[in-house]
Amino acid sequence: MTTADDFVDSASKARSSQRRDARLAAVDRLSRPMSNFGFGWLVPLVRIGAGDHSPSQFKAVGSQILVPLIGILAFLAAWAVLAPQVKTSLGAIPGPVQVWHQAEALYGEHVAERQEAQAFYDRQEARNAKLVEAGYGDRVKWRDYTGRPTYFDQILTSLKTVAIGFVIATLIAVPLGIACGLWPTVNGAVNPLIQVFKPVSPLAWLPIVTMVVSALYVNAVDALPKSLVVSAITVTLCSLWPTLINTALGVSSIDKDLLNVSRVLNLSPTKKLTKLVLPSALPLIFTGLRLSLGVGWMVLIAAEMLAQNPGLGKFVWDEFQNGSSDSLARIMVAVLTIGIIGFLLDRLMQALQVAFTHSATR
């Protein structure tokens, strides 16, 4: 015989099941954006937390989280054991603990420098306020803080430099690649240049770029110093080729039937480009952009070392020249930072690719 308690239990179970289904539906909606930004490995954990305790989710946790975690821990253990065995002129290779301590030290230096800058501006404001009160407003002067750039300032400088170089490379490579893909004559003229200049090292470009920038960019502005412009142009010259090649390949691979349809419909060149060529070639264009951004970020470090642009490359070079007992650990911090930022930039480009092409693999 059914009692009132049975009805209450059934209703409670039904509500619990509905809430669980709602949570899992929300997780399903978030799973694709998380995967696009490189956090797909968290999806099984989130699903388990939402109430999905199926064996497939626990298996996914093992393959996507535990196995990579074991690999990372094994790498750290090997690093900690083997690093002290290698002796250099600057001492033993630092292990993970020493590198972590230097990362904390760099953050502490950043905080201290920011506090010193704030104190400088506070003193300046108080001094100018006293001058105004005393009737000496004409003596008021505002100066910028000229302290040394911190590690985080150098990271931002590198990101700014690679962004400028990447944007310039994109603006050159995409239109030229479209022209190469649409017209075989243009492709025949440009292809030999691609094959010749694509393998050239940034170390070869840098002296030429430095001389050209020094000759043409005479009145440098504070926002764009010559060293930054040299590094950005070097990045451009080394990173535009993947985008150019993939854009030309994507455009030339368009189904010929579609091009015939555009002729039958008598589409204007603008509509043909925006409605047919670009949507069809966009996946390969984004593949080229991802490759170009990776090349640009890799090239940037060497360019900043030689151009003395105050970014991560200059930080590595200065620490190498410094020769202190902490230099190797700080260089290792920079190496890990470069790798992590490169990974994040690639994930960002993949997310943009999915947003604009609805596929990251096609």
# chains A, B, ... in the order shown; residues from 1 in each chain; ligands from 1
>>> closest_atom_pairs(of="segment 161-211 of chain A", to="segment 305-328 of chain A", cutoff="10 Å", atoms="only C-alpha atoms", output="Markdown table")
| residue | atom | partner | partner_atom | distance |
| --- | --- | --- | --- | --- |
| A:Thr161 | CA | A:Gly311 | CA | 8.5 |
| A:Leu203 | CA | A:Leu306 | CA | 8.2 |
| A:Leu206 | CA | A:Ala307 | CA | 7.7 |
| A:Pro207 | CA | A:Ala307 | CA | 9.0 |
| A:Val209 | CA | A:Ala307 | CA | 9.9 |
| A:Thr210 | CA | A:Ala307 | CA | 7.8 |
>>> residues_around(residues="Thr236 of chain A", least_positions_apart="3", cutoff="6 Å", atoms="only C-alpha atoms", output="NGL selection string")
:A and (165 or 169 or 233 or 239-240)
>>> write_last_selection(atoms="N, CA, C and O atoms", output="PDB file, in the first residue's frame")
ATOM      1  N   GLY A 165      54.088  42.703 -34.644  1.00  0.00           N
ATOM      2  CA  GLY A 165      54.649  41.943 -35.753  1.00  0.00           C
ATOM      3  C   GLY A 165      53.650  40.995 -36.382  1.00  0.00           C
ATOM      4  O   GLY A 165      53.594  40.849 -37.613  1.00  0.00           O
ATOM      5  N   ALA A 169      52.211  41.097 -40.198  1.00  0.00           N
ATOM      6  CA  ALA A 169      52.366  39.903 -41.034  1.00  0.00           C
ATOM      7  C   ALA A 169      51.025  39.447 -41.588  1.00  0.00           C
ATOM      8  O   ALA A 169      50.921  39.056 -42.760  1.00  0.00           O
ATOM      9  N   ILE A 233      59.398  44.130 -36.620  1.00  0.00           N
ATOM     10  CA  ILE A 233      59.573  43.901 -38.055  1.00  0.00           C
ATOM     11  C   ILE A 233      60.277  42.567 -38.304  1.00  0.00           C
ATOM     12  O   ILE A 233      59.950  41.844 -39.260  1.00  0.00           O
ATOM     13  N   SER A 239      57.442  35.439 -39.636  1.00  0.00           N
ATOM     14  CA  SER A 239      56.183  34.759 -39.313  1.00  0.00           C
ATOM     15  C   SER A 239      55.110  34.860 -40.389  1.00  0.00           C
ATOM     16  O   SER A 239      54.067  34.200 -40.265  1.00  0.00           O
ATOM     17  N   LEU A 240      55.330  35.655 -41.425  1.00  0.00           N
ATOM     18  CA  LEU A 240      54.252  35.819 -42.406  1.00  0.00           C
ATOM     19  C   LEU A 240      54.121  34.625 -43.359  1.00  0.00           C
ATOM     20  O   LEU A 240      53.064  34.419 -43.969  1.00  0.00           O
TER      21      LEU A 240
END
>>> closest_residue(among="A:Arg32, A:Asp255, A:Pro149, A:Ala22", to="Ala355 of chain A", atoms="only C-alpha atoms")
A:Arg32
>>> residues_around(residues="segment 278-287 of chain A", least_positions_apart="4", cutoff="7 Å", atoms="only C-alpha atoms", output="PyMOL selection string")
chain A and resi 243+246-247+250-251+254+273-274+291+353+357+362
>>> write_last_selection(atoms="C-alpha atoms", output="PDB file, in the first residue's frame")
ATOM      1  CA  THR A 243      49.863  32.379 -43.188  1.00  0.00           C
ATOM      2  CA  ASN A 246      48.113  28.312 -46.037  1.00  0.00           C
ATOM      3  CA  THR A 247      45.964  31.166 -47.342  1.00  0.00           C
ATOM      4  CA  GLY A 250      43.012  27.357 -48.930  1.00  0.00           C
ATOM      5  CA  VAL A 251      41.918  29.682 -51.727  1.00  0.00           C
ATOM      6  CA  ILE A 254      38.034  25.923 -53.320  1.00  0.00           C
ATOM      7  CA  LEU A 273      35.495  37.310 -52.033  1.00  0.00           C
ATOM      8  CA  THR A 274      33.311  37.767 -48.933  1.00  0.00           C
ATOM      9  CA  LEU A 291      51.557  28.611 -37.106  1.00  0.00           C
ATOM     10  CA  GLN A 353      39.239  29.590 -35.232  1.00  0.00           C
ATOM     11  CA  THR A 357      34.836  28.657 -38.731  1.00  0.00           C
ATOM     12  CA  ARG A 362      38.533  20.817 -40.801  1.00  0.00           C
TER      13      ARG A 362
END
>>> residues_around(residues="segment 340-347 of chain A", least_positions_apart="6", cutoff="12 Å", atoms="only C-alpha atoms", output="MDAnalysis selection string")
chainID A and resid 33:40 155:156 158:159 162:163 166 286:301 312 333:334 353:354 360
>>> residues_around(residues="Thr150 of chain A", least_positions_apart="3", cutoff="8 Å", atoms="only C-alpha atoms", output="list in words")
Leu106, Glu109, His110, Glu113, Asp153 and Gln154 of chain A
>>> residues_around(residues="Arg23 of chain A", least_positions_apart="3", cutoff="6 Å", atoms="only C-alpha atoms", output="number ranges by chain")
A: 20, 26, 50
>>> residues_around(residues="segment 116-126 of chain A", least_positions_apart="4", cutoff="9 Å", atoms="only C-alpha atoms", output="PDB file with N, CA and C atoms, in the first residue's frame")
ATOM      1  N   VAL A 111      56.299  43.778  -7.144  1.00  0.00           N
ATOM      2  CA  VAL A 111      55.460  44.462  -6.159  1.00  0.00           C
ATOM      3  C   VAL A 111      56.224  45.633  -5.537  1.00  0.00           C
ATOM      4  N   ALA A 112      57.510  45.413  -5.173  1.00  0.00           N
ATOM      5  CA  ALA A 112      58.305  46.476  -4.564  1.00  0.00           C
ATOM      6  C   ALA A 112      58.488  47.645  -5.523  1.00  0.00           C
ATOM      7  N   LYS A 130      51.797  71.731  -2.757  1.00  0.00           N
ATOM      8  CA  LYS A 130      52.360  72.796  -1.908  1.00  0.00           C
ATOM      9  C   LYS A 130      52.767  74.005  -2.745  1.00  0.00           C
ATOM     10  N   LEU A 131      53.325  73.754  -3.939  1.00  0.00           N
ATOM     11  CA  LEU A 131      53.705  74.860  -4.813  1.00  0.00           C
ATOM     12  C   LEU A 131      52.490  75.670  -5.244  1.00  0.00           C
ATOM     13  N   LYS A 141      55.774  70.698 -11.938  1.00  0.00           N
ATOM     14  CA  LYS A 141      56.303  69.802 -12.968  1.00  0.00           C
ATOM     15  C   LYS A 141      55.809  68.383 -12.702  1.00  0.00           C
ATOM     16  N   TRP A 142      55.448  67.722 -13.786  1.00  0.00           N
ATOM     17  CA  TRP A 142      55.017  66.326 -13.688  1.00  0.00           C
ATOM     18  C   TRP A 142      55.997  65.459 -14.459  1.00  0.00           C
ATOM     19  N   ARG A 143      56.581  64.512 -13.782  1.00  0.00           N
ATOM     20  CA  ARG A 143      57.558  63.623 -14.399  1.00  0.00           C
ATOM     21  C   ARG A 143      57.083  62.180 -14.285  1.00  0.00           C
ATOM     22  N   ASP A 144      57.445  61.404 -15.288  1.00  0.00           N
ATOM     23  CA  ASP A 144      57.133  59.974 -15.248  1.00  0.00           C
ATOM     24  C   ASP A 144      58.183  59.242 -14.420  1.00  0.00           C
ATOM     25  N   TYR A 145      57.737  58.192 -13.781  1.00  0.00           N
ATOM     26  CA  TYR A 145      58.661  57.355 -12.997  1.00  0.00           C
ATOM     27  C   TYR A 145      59.578  56.599 -13.951  1.00  0.00           C
ATOM     28  N   THR A 146      60.858  56.642 -13.697  1.00  0.00           N
ATOM     29  CA  THR A 146      61.835  56.063 -14.628  1.00  0.00           C
ATOM     30  C   THR A 146      62.555  54.852 -14.025  1.00  0.00           C
ATOM     31  N   GLY A 147      61.875  54.119 -13.166  1.00  0.00           N
ATOM     32  CA  GLY A 147      62.489  52.927 -12.591  1.00  0.00           C
ATOM     33  C   GLY A 147      62.663  51.836 -13.634  1.00  0.00           C
TER      34      GLY A 147
END
>>> atom_distance(atom1="atom CA of His101 of chain A", atom2="atom CA of Val86 of chain A")
19.6 Å
>>> closest_residue(among="A:Leu24, A:Leu249, A:Val46, A:Ile338", to="Phe58 of chain A", atoms="only C-alpha atoms")
A:Val46
>>> atom_distance(atom1="atom CA of Val81 of chain A", atom2="atom CA of Ile331 of chain A")
19.1 Å
>>> select_by_dssp(residues="segment 144-356 of chain A", states="helix (DSSP H, G or I)", output="PyMOL selection string")
chain A and resi 151-182+184-197+202-216+226-252+256-264+269-307+312-322+327-356
>>> select_by_dssp(residues="segment 37-154 of chain A", states="strand (DSSP E or B)", output="compact mmCIF listing (two decimals) with C-alpha atoms, in the first residue's frame")
# COMPACT_ATOMS: atom_id res chain seq x y z
CA LYS A 87 78.05 21.79 -12.86
CA THR A 88 78.51 25.01 -14.87
CA GLY A 91 77.09 26.71 -10.38
CA ALA A 92 74.87 23.65 -10.57
>>> atom_distance(atom1="atom CA of Pro84 of chain A", atom2="atom CA of Leu66 of chain A")
27.8 Å
>>> closest_residue(among="A:Cys180, A:Ala303, A:Ala78, A:Leu73", to="Leu228 of chain A", atoms="only C-alpha atoms")
A:Ala303
